[in-house]
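K.L.:
Enclosed is the structure file target.pdb (PDB, C-alpha atoms and all ligand atoms).
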ATOM      1  CA  MET A 171     -20.126 -51.300  -8.594  1.00  0.00           C
ATOM      2  CA  ARG A 172     -18.471 -48.274  -7.055  1.00  0.00           C
ATOM      3  CA  PRO A 173     -18.246 -47.921  -3.268  1.00  0.00           C
ATOM      4  CA  THR A 174     -21.153 -45.967  -1.737  1.00  0.00           C
ATOM      5  CA  GLU A 175     -19.077 -42.825  -1.099  1.00  0.00           C
ATOM      6  CA  GLU A 176     -18.157 -42.595  -4.821  1.00  0.00           C
ATOM      7  CA  ARG A 177     -21.729 -42.900  -6.126  1.00  0.00           C
ATOM      8  CA  TYR A 178     -23.796 -39.916  -7.308  1.00  0.00           C
ATOM      9  CA  ASP A 179     -27.475 -39.454  -6.576  1.00  0.00           C
ATOM     10  CA  VAL A 180     -29.116 -38.896  -9.952  1.00  0.00           C
ATOM     11  CA  SER A 181     -32.711 -39.370  -8.788  1.00  0.00           C
ATOM     12  CA  GLY A 182     -34.775 -36.513 -10.180  1.00  0.00           C
ATOM     13  CA  LEU A 183     -32.242 -35.753 -12.946  1.00  0.00           C
ATOM     14  CA  ILE A 184     -33.212 -38.616 -15.240  1.00  0.00           C
ATOM     15  CA  PRO A 185     -36.911 -39.069 -16.065  1.00  0.00           C
ATOM     16  CA  SER A 186     -38.369 -42.429 -14.983  1.00  0.00           C
ATOM     17  CA  ILE A 187     -39.322 -44.894 -17.712  1.00  0.00           C
ATOM     18  CA  ILE A 188     -42.043 -46.400 -15.529  1.00  0.00           C
ATOM     19  CA  THR A 189     -44.066 -45.101 -12.606  1.00  0.00           C
ATOM     20  CA  PRO A 190     -43.143 -46.160  -9.058  1.00  0.00           C
ATOM     21  CA  GLU A 191     -46.574 -47.897  -8.840  1.00  0.00           C
ATOM     22  CA  LEU A 192     -45.865 -49.979 -11.950  1.00  0.00           C
ATOM     23  CA  PHE A 193     -42.404 -50.828 -10.593  1.00  0.00           C
ATOM     24  CA  ASP A 194     -43.912 -51.971  -7.274  1.00  0.00           C
ATOM     25  CA  ALA A 195     -46.578 -54.035  -9.070  1.00  0.00           C
ATOM     26  CA  ALA A 196     -43.889 -55.693 -11.215  1.00  0.00           C
ATOM     27  CA  GLN A 197     -41.806 -56.486  -8.126  1.00  0.00           C
ATOM     28  CA  ALA A 198     -44.861 -58.070  -6.457  1.00  0.00           C
ATOM     29  CA  ILE A 199     -45.472 -60.259  -9.526  1.00  0.00           C
ATOM     30  CA  ARG A 200     -41.790 -61.194  -9.640  1.00  0.00           C
ATOM     31  CA  LYS A 201     -41.827 -62.261  -5.989  1.00  0.00           C
ATOM     32  CA  ARG A 202     -45.012 -64.262  -6.470  1.00  0.00           C
ATOM     33  CA  ASN A 203     -43.681 -66.015  -9.590  1.00  0.00           C
ATOM     34  CA  ALA A 204     -40.496 -66.932  -7.734  1.00  0.00           C
ATOM     35  CA  ALA A 205     -42.546 -68.353  -4.863  1.00  0.00           C
ATOM     36  CA  LEU A 206     -44.666 -70.470  -7.222  1.00  0.00           C
ATOM     37  CA  SER A 207     -41.801 -71.549  -9.489  1.00  0.00           C
ATOM     38  CA  GLN A 208     -41.235 -75.311  -9.804  1.00  0.00           C
ATOM     39  CA  ARG A 209     -37.454 -74.994  -9.608  1.00  0.00           C
ATOM     40  CA  ASN A 210     -37.570 -73.154  -6.265  1.00  0.00           C
ATOM     41  CA  ARG A 211     -39.674 -75.784  -4.558  1.00  0.00           C
ATOM     42  CA  LYS A 212     -38.537 -77.850  -1.624  1.00  0.00           C
ATOM     43  CA  ARG A 213     -41.686 -79.987  -1.654  1.00  0.00           C
ATOM     44  CA  ASP A 214     -43.468 -82.104  -4.255  1.00  0.00           C
ATOM     45  CA  TYR A 215     -46.788 -81.032  -5.750  1.00  0.00           C
ATOM     46  CA  LEU A 216     -48.249 -83.655  -8.067  1.00  0.00           C
ATOM     47  CA  LEU A 217     -51.137 -81.504  -9.246  1.00  0.00           C
ATOM     48  CA  SER A 218     -49.514 -78.099  -9.635  1.00  0.00           C
ATOM     49  CA  GLU A 219     -50.535 -76.612 -13.009  1.00  0.00           C
ATOM     50  CA  HIS A 220     -52.965 -79.549 -13.514  1.00  0.00           C
ATOM     51  CA  ILE A 221     -55.888 -78.120 -11.530  1.00  0.00           C
ATOM     52  CA  PHE A 222     -57.965 -75.478 -13.311  1.00  0.00           C
ATOM     53  CA  CYS A 223     -59.820 -72.852 -11.331  1.00  0.00           C
ATOM     54  CA  ALA A 224     -63.584 -73.106 -11.831  1.00  0.00           C
ATOM     55  CA  TRP A 225     -63.941 -69.360 -11.251  1.00  0.00           C
ATOM     56  CA  CYS A 226     -61.261 -67.787 -13.465  1.00  0.00           C
ATOM     57  CA  ARG A 227     -59.893 -70.753 -15.499  1.00  0.00           C
ATOM     58  CA  ARG A 228     -56.289 -70.163 -14.384  1.00  0.00           C
ATOM     59  CA  ARG A 229     -54.062 -73.114 -13.457  1.00  0.00           C
ATOM     60  CA  TYR A 230     -53.552 -73.687  -9.756  1.00  0.00           C
ATOM     61  CA  GLY A 231     -50.001 -73.343  -8.496  1.00  0.00           C
ATOM     62  CA  ALA A 232     -48.631 -74.530  -5.180  1.00  0.00           C
ATOM     63  CA  THR A 233     -47.423 -72.973  -1.989  1.00  0.00           C
ATOM     64  CA  ALA A 234     -46.721 -74.018   1.579  1.00  0.00           C
ATOM     65  CA  THR A 235     -46.517 -72.858   5.132  1.00  0.00           C
ATOM     66  CA  ARG A 236     -44.108 -74.527   7.526  1.00  0.00           C
ATOM     67  CA  ASN A 237     -46.423 -77.518   8.080  1.00  0.00           C
ATOM     68  CA  TRP A 238     -48.976 -77.461   5.259  1.00  0.00           C
ATOM     69  CA  ARG A 239     -48.912 -77.655   1.480  1.00  0.00           C
ATOM     70  CA  TYR A 240     -51.595 -75.910  -0.607  1.00  0.00           C
ATOM     71  CA  TYR A 241     -52.729 -75.466  -4.165  1.00  0.00           C
ATOM     72  CA  VAL A 242     -53.623 -71.864  -4.932  1.00  0.00           C
ATOM     73  CA  CYS A 243     -55.220 -69.996  -7.807  1.00  0.00           C
ATOM     74  CA  PRO A 244     -52.820 -67.302  -9.043  1.00  0.00           C
ATOM     75  CA  GLY A 245     -55.815 -65.017  -9.554  1.00  0.00           C
ATOM     76  CA  ALA A 246     -56.563 -64.950  -5.819  1.00  0.00           C
ATOM     77  CA  LYS A 247     -53.781 -62.465  -5.009  1.00  0.00           C
ATOM     78  CA  GLY A 248     -51.903 -59.716  -6.779  1.00  0.00           C
ATOM     79  CA  THR A 249     -54.721 -58.827  -9.165  1.00  0.00           C
ATOM     80  CA  ALA A 250     -57.072 -55.857  -9.091  1.00  0.00           C
ATOM     81  CA  PRO A 251     -59.934 -56.419  -6.593  1.00  0.00           C
ATOM     82  CA  ALA A 252     -62.580 -56.445  -9.350  1.00  0.00           C
ATOM     83  CA  GLU A 253     -60.722 -59.222 -11.222  1.00  0.00           C
ATOM     84  CA  ARG A 254     -59.632 -61.120  -8.124  1.00  0.00           C
ATOM     85  CA  CYS A 255     -60.524 -64.794  -8.060  1.00  0.00           C
ATOM     86  CA  ARG A 256     -62.885 -65.862  -5.288  1.00  0.00           C
ATOM     87  CA  ASN A 257     -61.760 -69.482  -5.046  1.00  0.00           C
ATOM     88  CA  GLN A 258     -59.827 -70.407  -1.944  1.00  0.00           C
ATOM     89  CA  GLN A 259     -56.650 -72.397  -1.581  1.00  0.00           C
ATOM     90  CA  LEU A 260     -56.958 -76.180  -1.379  1.00  0.00           C
ATOM     91  CA  GLY A 261     -55.168 -78.411   1.115  1.00  0.00           C
ATOM     92  CA  ALA A 262     -52.702 -80.447  -0.962  1.00  0.00           C
ATOM     93  CA  ASP A 263     -53.000 -83.658   1.066  1.00  0.00           C
ATOM     94  CA  GLN A 264     -56.793 -83.684   0.741  1.00  0.00           C
ATOM     95  CA  VAL A 265     -56.879 -82.861  -2.993  1.00  0.00           C
ATOM     96  CA  GLU A 266     -54.176 -85.368  -3.848  1.00  0.00           C
ATOM     97  CA  ALA A 267     -55.958 -88.091  -1.843  1.00  0.00           C
ATOM     98  CA  ASP A 268     -59.250 -87.297  -3.609  1.00  0.00           C
ATOM     99  CA  VAL A 269     -57.677 -87.315  -7.089  1.00  0.00           C
ATOM    100  CA  TRP A 270     -55.827 -90.517  -6.319  1.00  0.00           C
ATOM    101  CA  ALA A 271     -59.047 -92.197  -5.079  1.00  0.00           C
ATOM    102  CA  ARG A 272     -60.773 -91.266  -8.343  1.00  0.00           C
ATOM    103  CA  ALA A 273     -57.839 -92.462 -10.440  1.00  0.00           C
ATOM    104  CA  GLU A 274     -57.775 -95.711  -8.509  1.00  0.00           C
ATOM    105  CA  ALA A 275     -61.530 -96.197  -9.013  1.00  0.00           C
ATOM    106  CA  VAL A 276     -61.054 -95.787 -12.756  1.00  0.00           C
ATOM    107  CA  LEU A 277     -58.110 -98.173 -12.874  1.00  0.00           C
ATOM    108  CA  LEU A 278     -59.994-100.820 -10.897  1.00  0.00           C
ATOM    109  CA  ASP A 279     -63.198-100.577 -12.946  1.00  0.00           C
ATOM    110  CA  PRO A 280     -62.958-100.290 -16.759  1.00  0.00           C
ATOM    111  CA  LYS A 281     -66.715 -99.586 -16.874  1.00  0.00           C
ATOM    112  CA  VAL A 282     -65.968 -96.134 -15.446  1.00  0.00           C
ATOM    113  CA  ILE A 283     -63.681 -95.446 -18.425  1.00  0.00           C
ATOM    114  CA  MET A 284     -66.293 -96.682 -20.894  1.00  0.00           C
ATOM    115  CA  GLN A 285     -68.959 -94.469 -19.304  1.00  0.00           C
ATOM    116  CA  ALA A 286     -66.624 -91.437 -19.441  1.00  0.00           C
ATOM    117  CA  VAL A 287     -65.954 -92.109 -23.154  1.00  0.00           C
ATOM    118  CA  ARG A 288     -69.706 -92.407 -23.816  1.00  0.00           C
ATOM    119  CA  ASP A 289     -70.358 -89.166 -21.891  1.00  0.00           C
ATOM    120  CA  GLN A 290     -67.673 -87.368 -23.889  1.00  0.00           C
ATOM    121  CA  GLN A 291     -69.135 -88.630 -27.180  1.00  0.00           C
ATOM    122  CA  THR A 292     -72.586 -87.493 -26.100  1.00  0.00           C
ATOM    123  CA  ASP A 293     -71.167 -84.041 -25.193  1.00  0.00           C
ATOM    124  CA  ARG A 294     -69.506 -83.805 -28.610  1.00  0.00           C
ATOM    125  CA  HIS A 295     -72.703 -84.658 -30.417  1.00  0.00           C
ATOM    126  CA  THR A 296     -74.751 -82.174 -28.400  1.00  0.00           C
ATOM    127  CA  THR A 297     -72.207 -79.318 -28.770  1.00  0.00           C
ATOM    128  CA  ASP A 298     -71.462 -79.797 -32.507  1.00  0.00           C
TER     129      ASP A 298
HETATM  130 ZN    ZN A 301     -59.190 -68.575  -9.894  1.00  0.00          ZN
END
Do you think you could lay out the structure here as structure tokens?
P.N.:
Amino acid sequence: MRPTEERYDVSGLIPSIITPELFDAAQAIRKRNAALSQRNRKRDYLLSEHIFCAWCRRRYGATATRNWRYYVCPGAKGTAPAERCRNQQLGADQVEADVWARAEAVLLDPKVIMQAVRDQQTDRHTTD
């Protein structure tokens, strides 16, 4: 790139391909995607992309503050207000403990698995 003093200001001479609003919206999405990206994470999130939002059906991602980890619906921010998801973020420690307790209950009691299989078969028969 040329030094600043050798650059020419061409703003206004070349028509924009996209509007400034669309550019800003794209930058916001880019920032958000980078924040939620697995490869940029410094913390572990066992359930990221495995929790589905009951409101908008999107997959929950993960985020953190300095001291807390959260799972968040990507529809809760950065979307038009009318389409914005109303579900709140979930504390990661609490959700992971709850999921683990349920998994442990299943592993310790095969009857739970058998009942889940029966329930699924019943659902299939009633929805077919
Ligand atoms: Zn949602």
K.L.:
Find the residues near ligand ZN 301 (chain A). Use a cut-off of 9 Å, count all atoms listed in the file, and write them as a list in words.
P.N.:
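For ligand ZN 301 (chain A), the residues inside 9 Å are Phe222, Cys223, Ala224, Trp225, Cys226, Arg227, Arg228, Arg229, Tyr230, Val242, Cys243, Pro244, Gly245, Ala246, Arg254, Cys255, Arg256, Asn257 and Gln258 of chain A.
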K.L.:
Can you tell me, as a list in words, what residues are no more than 12 Å from Leu217 (chain A) when counting only C-alpha atoms, ignoring any on the same chain fewer than 5 positions away?
P.N.:
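In the requested format, the answer is Gln208, Phe222, Arg229, Tyr230, Gly231, Ala232, Thr233, Arg239, Tyr240, Tyr241, Val242, Leu260, Gly261, Ala262, Asp263, Gln264, Val265, Glu266, Ala267, Asp268, Val269 and Trp270 of chain A.
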K.L.:
Would you kindly identify which residues have an atom no farther than 6 Å from (-50.8, -60.2, -10.6), using only C-alpha atoms and the file's own coordinates, and write them out as an NGL selection string?
P.N.:
:A and (199 or 248-249)
K.L.:
Compare A:Arg172, A:Lys212, A:Arg294, A:Arg200 by their minimum atom-to-atom distance to Thr235 (chain A), counting all atoms listed in the file, and give me the closest one.
P.N.:
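Using all atoms listed in the file, the shortest distance to Thr235 (chain A) belongs to A:Lys212.
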K.L.:
Set the distance at 12 Å and use all atoms listed in the file: which residues neighbour region 182-197 of chain A once local chain neighbours fewer than 4 positions away are removed? I'd like the list as a ChimeraX atom specification.
P.N.:
/A:178,201-204,247-250
K.L.:
One decimal, Å: what's the distance from CA of Gln259 (chain A) over to CA of Glu219 (chain A), could you say?
P.N.:
13.6 Å
